[in-house]
Each structure stands twice: as C-alpha cells, then as structure tokens.
$ cat my_file-v9.tsv   # TSV, C-alpha atoms
chain	number	residue	atom	x	y	z
A	377	MET	CA	124.39	170.38	110.08
A	378	LEU	CA	126.24	167.13	109.49
A	379	GLY	CA	125.30	167.19	105.83
A	380	ARG	CA	127.04	170.45	104.97
A	381	ARG	CA	129.73	169.87	102.40
A	382	ASP	CA	131.97	172.62	103.70
A	383	LEU	CA	132.51	170.76	106.99
A	384	SER	CA	136.03	169.35	106.80
A	385	PRO	CA	137.60	166.64	108.93
A	386	TRP	CA	140.08	169.20	110.21
A	387	LEU	CA	137.26	171.40	111.51
A	388	MET	CA	135.74	168.46	113.37
A	389	ALA	CA	139.14	167.50	114.76
A	390	THR	CA	139.60	171.08	115.99
A	391	ILE	CA	136.20	171.03	117.72
A	392	LEU	CA	136.96	167.72	119.42
A	393	ALA	CA	140.42	168.91	120.46
A	394	ALA	CA	138.86	171.97	122.07
A	395	SER	CA	136.85	169.85	124.53
A	396	PRO	CA	136.99	171.72	127.86
A	397	LEU	CA	138.92	170.13	130.69
A	398	GLY	CA	135.65	169.73	132.55
A	399	ALA	CA	134.90	166.67	130.45
A	400	LEU	CA	137.01	164.60	132.82
A	401	ALA	CA	133.88	163.11	134.39
A	402	GLN	CA	133.99	159.34	134.33
A	403	GLN	CA	131.67	157.27	132.14
A	404	ASP	CA	131.43	153.68	130.94
A	405	PRO	CA	132.74	153.43	127.38
A	406	PHE	CA	132.94	149.68	127.91
A	407	GLY	CA	129.24	149.02	128.30
A	408	ALA	CA	128.27	149.87	124.69
A	409	ALA	CA	130.53	147.29	123.24
A	410	ALA	CA	130.64	143.55	123.46
A	411	THR	CA	131.86	142.84	126.97
A	412	PRO	CA	134.67	140.28	127.23
A	413	ALA	CA	134.18	137.33	129.54
A	414	VAL	CA	136.95	137.12	132.09
A	415	SER	CA	138.15	133.99	133.82
A	416	ILE	CA	140.95	135.25	136.05
A	417	GLN	CA	141.31	137.32	139.17
A	418	SER	CA	140.40	140.98	139.00
A	419	GLU	CA	143.27	142.56	140.90
A	420	PRO	CA	144.33	146.07	139.83
A	421	VAL	CA	146.68	146.24	136.88
A	422	GLU	CA	149.90	148.04	137.79
A	423	GLN	CA	151.13	148.84	134.29
A	424	ASN	CA	150.06	147.70	130.85
A	425	THR	CA	153.09	147.91	128.61
A	426	ALA	CA	150.96	147.56	125.49
A	427	THR	CA	148.75	150.53	126.28
A	428	GLY	CA	150.90	152.58	128.60
A	429	ASP	CA	148.15	152.76	131.23
A	430	GLU	CA	149.16	153.62	134.76
A	431	SER	CA	148.05	151.63	137.76
A	432	GLY	CA	144.36	151.54	138.51
A	433	SER	CA	141.53	149.06	138.82
A	434	LEU	CA	139.20	148.10	136.02
A	435	GLU	CA	136.30	149.11	138.22
A	436	ASP	CA	137.66	152.66	138.37
A	437	GLU	CA	137.92	152.84	134.57
A	438	TYR	CA	134.78	151.01	133.46
A	439	GLY	CA	132.43	151.47	136.41
A	440	PHE	CA	132.31	147.73	137.20
A	441	ASP	CA	134.65	144.79	137.49
A	442	PRO	CA	134.46	142.61	134.35
A	443	ALA	CA	135.74	139.59	136.29
A	444	ASP	CA	132.82	139.77	138.73
A	445	GLU	CA	130.27	140.73	136.09
A	446	PHE	CA	131.07	137.97	133.61
A	447	GLY	CA	132.55	135.24	135.76
A	448	GLY	CA	129.64	132.82	135.37
A	449	GLU	CA	129.85	129.23	134.19
A	450	GLU	CA	127.46	129.36	131.22
A	451	GLY	CA	129.90	128.36	128.49
A	452	ALA	CA	128.12	125.06	127.90
A	453	ASN	CA	124.83	126.86	127.21
A	454	PHE	CA	126.44	129.25	124.75
A	455	ALA	CA	128.26	126.42	122.96
A	456	LEU	CA	124.87	125.00	122.01
A	457	ARG	CA	124.16	128.22	120.13
A	458	ASP	CA	127.29	127.89	118.00
A	459	PRO	CA	126.66	125.04	115.53
A	460	TRP	CA	128.88	126.72	112.90
A	461	GLU	CA	131.95	126.89	115.14
A	462	GLY	CA	134.39	125.73	112.45
A	463	PHE	CA	133.36	128.48	110.04
A	464	ASN	CA	133.15	131.06	112.83
A	465	ARG	CA	136.64	130.24	114.09
A	466	ALA	CA	138.06	130.74	110.59
A	467	ILE	CA	136.47	134.19	110.31
A	468	PHE	CA	137.52	134.96	113.88
A	469	SER	CA	141.15	134.17	113.01
A	470	PHE	CA	140.97	136.52	110.03
A	471	ASN	CA	139.43	139.29	112.13
A	472	ASP	CA	141.94	138.72	114.93
A	473	GLY	CA	144.82	139.12	112.48
A	474	ALA	CA	143.35	142.34	111.08
A	475	ASP	CA	142.92	143.63	114.61
A	476	ARG	CA	146.42	142.64	115.70
A	477	TYR	CA	148.24	144.27	112.80
A	478	VAL	CA	146.00	147.23	111.97
A	479	LEU	CA	143.31	148.26	114.46
A	480	LYS	CA	144.99	147.51	117.78
A	481	PRO	CA	148.24	149.39	116.96
A	482	ALA	CA	146.14	152.39	115.91
A	483	ALA	CA	144.13	152.17	119.14
A	484	VAL	CA	147.28	151.87	121.27
A	485	SER	CA	148.82	154.92	119.59
A	486	TYR	CA	145.58	156.86	119.96
A	487	ARG	CA	145.40	156.09	123.65
A	488	GLN	CA	149.05	156.94	124.29
A	489	ILE	CA	149.08	160.32	122.53
A	490	THR	CA	145.53	161.56	123.16
A	491	PRO	CA	144.84	163.32	126.48
A	492	ILE	CA	142.20	161.68	128.66
A	493	PHE	CA	139.85	164.66	128.47
A	494	MET	CA	139.94	164.50	124.67
A	495	GLN	CA	139.20	160.76	124.70
A	496	GLN	CA	136.27	161.48	127.01
A	497	GLY	CA	134.96	164.19	124.70
A	498	VAL	CA	135.24	161.94	121.64
A	499	SER	CA	133.48	159.09	123.46
A	500	ASN	CA	130.70	161.46	124.57
A	501	PHE	CA	130.28	162.80	121.03
A	502	PHE	CA	129.72	159.39	119.43
A	503	SER	CA	127.62	158.17	122.34
A	504	ASN	CA	125.35	161.17	121.80
A	505	LEU	CA	124.91	160.26	118.14
A	506	GLY	CA	123.89	156.79	119.29
A	507	GLU	CA	120.93	158.27	121.17
A	508	VAL	CA	119.15	158.62	117.79
A	509	SER	CA	119.12	154.83	117.35
A	510	ASN	CA	118.35	154.34	121.05
A	511	THR	CA	115.27	156.56	120.81
A	512	PHE	CA	114.08	155.00	117.55
A	513	ASN	CA	114.34	151.45	118.85
A	514	GLY	CA	112.96	152.34	122.26
A	515	VAL	CA	109.76	153.54	120.57
A	516	LEU	CA	109.55	150.40	118.41
A	517	GLN	CA	109.97	148.24	121.50
A	518	GLY	CA	107.20	150.08	123.31
A	519	ASN	CA	109.63	151.24	125.99
A	520	LEU	CA	108.46	154.84	125.91
A	521	GLY	CA	110.04	155.74	129.24
A	522	GLN	CA	113.54	154.85	128.07
A	523	ALA	CA	112.87	156.37	124.65
A	524	GLY	CA	111.89	159.64	126.30
A	525	ASN	CA	115.01	159.54	128.46
A	526	ASP	CA	117.22	158.96	125.40
A	527	ALA	CA	115.48	161.69	123.39
A	528	GLY	CA	115.98	164.10	126.27
A	529	ARG	CA	119.66	163.21	126.49
A	530	LEU	CA	120.02	163.78	122.75
A	531	LEU	CA	118.39	167.21	122.90
A	532	ILE	CA	120.27	168.43	125.98
A	533	ASN	CA	123.71	167.10	125.09
A	534	THR	CA	123.49	168.27	121.47
A	535	THR	CA	122.69	171.82	122.57
A	536	ILE	CA	123.98	172.58	126.05
A	537	GLY	CA	126.58	169.83	125.80
A	538	ILE	CA	128.11	171.32	122.63
A	539	ALA	CA	127.33	168.64	120.03
A	540	GLY	CA	127.55	165.95	122.70
A	541	LEU	CA	131.11	166.64	123.85
A	542	PHE	CA	129.73	167.08	127.39
A	543	ASP	CA	127.36	164.63	129.05
A	544	VAL	CA	125.31	167.38	130.65
A	545	ALA	CA	122.11	165.31	130.69
A	546	LYS	CA	123.33	162.91	133.36
A	547	HIS	CA	123.67	165.84	135.76
A	548	MET	CA	120.00	166.58	135.08
A	549	GLY	CA	118.85	163.09	136.03
A	550	LEU	CA	118.88	161.57	132.54
A	551	GLU	CA	121.24	158.64	132.88
A	552	ARG	CA	122.76	156.89	129.89
A	553	GLY	CA	121.07	153.61	128.99
A	554	ASP	CA	122.75	150.39	127.92
A	555	GLY	CA	122.01	151.12	124.26
A	556	GLU	CA	119.35	149.86	121.87
A	557	ASP	CA	119.60	148.53	118.33
A	558	PHE	CA	117.27	146.90	115.84
A	559	GLY	CA	118.50	143.42	116.73
A	560	GLN	CA	117.14	143.96	120.23
A	561	THR	CA	113.91	145.26	118.75
A	562	LEU	CA	113.49	142.10	116.68
A	563	ALA	CA	114.09	140.06	119.85
A	564	VAL	CA	111.36	142.00	121.67
A	565	TRP	CA	109.05	141.28	118.74
A	566	GLY	CA	109.69	137.57	119.24
A	567	VAL	CA	112.25	136.85	116.51
A	568	PRO	CA	114.60	134.06	117.72
A	569	SER	CA	118.33	134.77	117.73
A	570	GLY	CA	119.35	131.89	115.52
A	571	PRO	CA	122.92	130.52	115.61
A	572	TYR	CA	125.93	132.56	116.61
A	573	LEU	CA	127.71	134.03	113.60
A	574	VAL	CA	131.07	135.81	113.20
A	575	LEU	CA	131.10	138.34	110.34
A	576	PRO	CA	134.25	139.35	108.44
A	577	LEU	CA	135.63	142.58	109.97
A	578	LEU	CA	132.30	143.27	111.74
A	579	GLY	CA	132.80	140.62	114.40
A	580	PRO	CA	130.29	138.73	116.60
A	581	SER	CA	126.64	138.59	115.61
A	582	THR	CA	123.73	136.17	115.24
A	583	VAL	CA	121.46	135.23	112.36
A	584	ARG	CA	118.90	137.67	113.77
A	585	ASP	CA	121.29	140.54	114.44
A	586	THR	CA	123.06	140.40	111.07
A	587	PRO	CA	120.25	141.78	108.84
A	588	ALA	CA	119.30	144.17	111.66
A	589	ARG	CA	122.62	145.96	111.04
A	590	VAL	CA	121.12	147.38	107.84
A	591	VAL	CA	118.50	149.26	109.85
A	592	ASP	CA	121.16	150.34	112.35
A	593	TYR	CA	123.17	151.79	109.46
A	594	TYR	CA	120.30	154.04	108.42
A	595	THR	CA	119.59	155.18	111.98
A	596	ASN	CA	123.21	156.25	112.41
A	597	PRO	CA	123.51	160.01	111.73
A	598	LEU	CA	127.02	159.51	110.35
A	599	SER	CA	125.49	157.70	107.37
A	600	TYR	CA	123.98	160.99	106.21
A	601	VAL	CA	127.18	163.03	106.13
A	602	ASP	CA	127.56	164.05	102.47
A	603	HIS	CA	131.23	164.94	102.60
A	604	ASP	CA	133.09	161.64	102.05
A	605	ALA	CA	136.32	162.63	103.81
A	606	THR	CA	134.39	163.85	106.86
A	607	ARG	CA	132.23	160.72	107.01
A	608	TYR	CA	135.19	158.35	106.74
A	609	THR	CA	137.19	160.33	109.30
A	610	LEU	CA	134.34	160.31	111.81
A	611	LYS	CA	133.63	156.60	111.38
A	612	ALA	CA	137.32	155.71	111.67
A	613	THR	CA	137.61	157.83	114.82
A	614	ASP	CA	134.56	156.10	116.30
A	615	ILE	CA	136.05	152.65	115.63
A	616	ILE	CA	139.46	153.54	117.04
A	617	GLN	CA	137.96	155.16	120.14
A	618	SER	CA	135.79	152.09	120.77
A	619	ARG	CA	138.77	149.77	120.32
A	620	ALA	CA	140.96	151.89	122.59
A	621	SER	CA	138.35	151.72	125.35
A	622	LEU	CA	138.74	147.93	125.44
A	623	LEU	CA	142.52	147.73	125.64
A	624	LYS	CA	142.79	147.53	129.40
A	625	ALA	CA	140.02	144.95	129.83
A	626	GLU	CA	141.52	142.91	126.99
A	627	SER	CA	144.65	142.39	129.05
A	628	LEU	CA	142.61	140.10	131.33
A	629	LEU	CA	141.69	137.63	128.59
A	630	GLN	CA	143.29	134.23	129.06
A	631	GLY	CA	142.61	130.89	127.44
A	632	ASP	CA	140.53	130.42	124.30
A	633	ARG	CA	139.82	133.94	123.08
A	634	TYR	CA	137.19	132.71	120.65
A	635	VAL	CA	135.14	131.04	123.39
A	636	LEU	CA	135.56	133.95	125.81
A	637	LEU	CA	134.44	136.56	123.30
A	638	ARG	CA	131.61	134.39	121.97
A	639	ASP	CA	130.20	133.76	125.44
A	640	ALA	CA	130.64	137.40	126.40
A	641	TYR	CA	128.81	138.61	123.29
A	642	LEU	CA	125.87	136.24	123.74
A	643	GLN	CA	125.63	136.96	127.46
A	644	ARG	CA	125.73	140.68	126.84
A	645	ARG	CA	123.06	140.45	124.13
A	646	ASP	CA	120.77	138.43	126.40
A	647	PHE	CA	121.28	141.04	129.12
A	648	LEU	CA	120.48	143.95	126.80
A	649	ILE	CA	117.36	142.34	125.34
A	650	VAL	CA	115.73	142.04	128.77
A	651	ASN	CA	117.16	145.41	129.86
A	652	GLY	CA	118.90	143.68	132.76
A	653	GLU	CA	115.60	142.58	134.29
A	654	VAL	CA	116.47	139.02	135.30
A	655	ASP	CA	114.29	136.92	137.54
A	656	VAL	CA	116.92	135.78	140.03
A	657	ASP	CA	114.65	133.22	141.73
A	658	THR	CA	113.75	131.60	138.43
A	659	GLU	CA	117.39	131.44	137.32
A	660	THR	CA	118.43	129.92	140.65
A	661	GLU	CA	115.73	127.27	140.49
A	662	ALA	CA	116.68	126.40	136.89
A	663	ALA	CA	120.36	126.11	137.80
A	664	GLU	CA	119.57	123.85	140.73
A	665	ALA	CA	117.38	121.67	138.52
A	666	ILE	CA	120.17	121.32	135.96
A	667	ASP	CA	122.68	120.43	138.69
A	668	GLN	CA	120.32	117.73	139.96
A	669	GLY	CA	119.84	116.34	136.47
A	670	GLU	CA	116.11	117.12	136.51
A	671	VAL	CA	116.17	119.00	133.20
A	672	GLU	CA	118.37	119.00	130.14
A	673	GLU	CA	120.10	122.08	128.85
A	674	SER	CA	118.88	123.11	125.42
A	675	SER	CA	119.46	125.84	122.87
A	676	ASP	CA	117.14	128.83	122.71
A	677	TYR	CA	117.19	129.25	118.94

$ encode --input "my_file-v9.tsv" --output "structure tokens"
Amino acid sequence: MLGRRDLSPWLMATILAASPLGALAQQDPFGAAATPAVSIQSEPVEQNTATGDESGSLEDEYGFDPADEFGGEEGANFALRDPWEGFNRAIFSFNDGADRYVLKPAAVSYRQITPIFMQQGVSNFFSNLGEVSNTFNGVLQGNLGQAGNDAGRLLINTTIGIAGLFDVAKHMGLERGDGEDFGQTLAVWGVPSGPYLVLPLLGPSTVRDTPARVVDYYTNPLSYVDHDATRYTLKATDIIQSRASLLKAESLLQGDRYVLLRDAYLQRRDFLIVNGEVDVDTETEAAEAIDQGEVEESSDY
C-alpha cells in the first residue's frame, strides 16, 4: 500500500488528522529515543515557555521520571568509551546548531499547534512501522517471544488499529517493547561496541551501531515508498514528532550537554542490549569493589 504512487502527502495528512479522539491513551514516546541523563531535581514543571506545556510531571507524560531513571554516577565509565571526544564535540556543536535553528523551532511549533490526540496518533503510526524492524531483529537475536509479540502488535494495529493510529494491541495484552535495531543484534552476536561516535545530523552512535544503520534503513517501511514527496513528508513528520516528544525532558538538562547526552545514549544502549535484565547483586558487588579500590575501571570496547 505504501508503494502506490497515487498516495499524496495530503492524503496521509488527512488520515492522520482524522485520528479519533479515543487515541488520547497515554504512551511513552520518550523510550524509543536516546534518553537524556538528568542531574537535577525532578519536581513538576509548571510552565515551559519554549514549548507552551501546561503544568504536569514528567512521570505523567513519559511514564517514568528521567531524573530517577538516569541519575546514576557512571560518567567516569562512559568517558572511557569516548577516546575521540575532541572530534565528537565538534560534530556535536554542529548538530546542536542545526537543532537550535531548524529542528527545535519546527518541533516547538508542531507541539503548540497540533492537538494532543493528533500527536498521539502520529506517534502511534510511526511506532507501528517500527514493529517491522523490531520483529526482524528479534528473530535474528533468537528472542522469539518478543518477536512474536511485536509481530502480533504489527498485525493488530495495522488492521484493527487503522494503520497503527490506535494502539489496540496493548489492550489485548501485547505491550510495546523497548525497540530493537540491528546494532543491538550485532551486540547480541558478540560484536563489541567500539568507541562512542557522534555522526553529522544523525547524532550519537558507536563504531558498531554506525554501519548497522544501513540495515535499519532497509527494514524501515518508509524506505520503500515510491512517491518521493510522500516519503520525504513522512520521514520529516517522524523526525519532528520524535523531537517534539523530547522538548519537556530537555528542559531538565543542566551542565555539559555533550556529557549528559553521551552518557544517556550509552546507558540507554546498554540497557536495550540486555533487554533491561540487569543482575543487581553483581552490579552492587562490582560497585563496592571499585569504591574499595579492589578493581580498576576499564572500557568495555
């Protein structure tokens, strides 16, 4: 269906705009993206003049409190994985300028003028497309249970959920996963991450994740839309929606943005690779050993 040349961007915009009001159900648009590390208190934000958001806690909007989730003291560990910091900071400055003057203003405008139910429908639509990559990589990783869950979500939300505008599957017991990509698959196969790397316009990555983006491109259904205007419109909408979903959490960032975002990206990637299955006892013992000077911290690449 996506490959039909008579599908115009205006038709897709009309479909998205017609999202029923029932799509107000909350979800976590924040979890699919790189999660910013936060080093300040997590009190509710009364009003964000940049985004126009009304009062409300981050936990209400994102489903968890970023300050509690990413308030660890692991910056020293992540710094060891960034031997090209000088180069990365230069690219980060370029990306930050492009974001400040182009992407962020577009995201702020989008969030101010687009009704919440429409933003929810757009987020659901692109999240549903992502289930194709989730299923593909789940199979390659041997995680057949999650792959089956993601395939079921794709089938149900594409049909009953009207092209993914509704997240019907979650009401049938098929919860959304954290997302899978080929970089995670390579990690499961034993490929080391390599140094941290910031890519022009594309943002944080690693030596392992960078070539994996090629596979991710071909598992993205949007790559197979034949109509150029439709493809560009959909991809631009996806980028703006993703950026808009981070505006409120971004207001918490203080200090060195480069370090915060680097540590957040690497921490999030480590979390996704193990599917959140962390041996708490082992981590506690390792931390105590480091504190007592019994072991030396080292890089994992």

$ atom_distance --input "my_file-v9.tsv" --atom1 "CA of Ala455 (chain A)" --atom2 "CA of Gly579 (chain A)"
17.2 Å

$ atom_distance --input "my_file-v9.tsv" --atom1 "CA of Val544 (chain A)" --atom2 "CA of Gly524 (chain A)"
16.1 Å

$ atom_distance --input "my_file-v9.tsv" --atom1 "CA of Phe463 (chain A)" --atom2 "CA of Asp475 (chain A)"
18.5 Å

$ closest_residue --input "my_file-v9.tsv" --among "A:Val564, A:Leu623, A:Val515, A:Leu505" --to "Asn533 (chain A)" --atoms "all atoms listed in the file"
A:Leu505

$ closest_residue --input "my_file-v9.tsv" --among "A:Thr586, A:Phe512, A:Gln643, A:Thr609" --to "Val574 (chain A)" --atoms "all atoms listed in the file"
A:Thr586

$ closest_residue --input "my_file-v9.tsv" --among "A:Val498, A:Leu575, A:Leu598, A:Leu530" --to "Ala466 (chain A)" --atoms "only C-alpha atoms"
A:Leu575

$ residues_around --input "my_file-v9.tsv" --residues "Leu642 (chain A)" --least-positions-apart "6" --cutoff "9 Å" --atoms "only C-alpha atoms" --output "number ranges by chain"
A: 410, 454, 457, 572, 580-582

$ closest_residue --input "my_file-v9.tsv" --among "A:Arg552, A:Lys480, A:Arg529, A:Arg638" --to "Ser618 (chain A)" --atoms "all atoms listed in the file"
A:Lys480
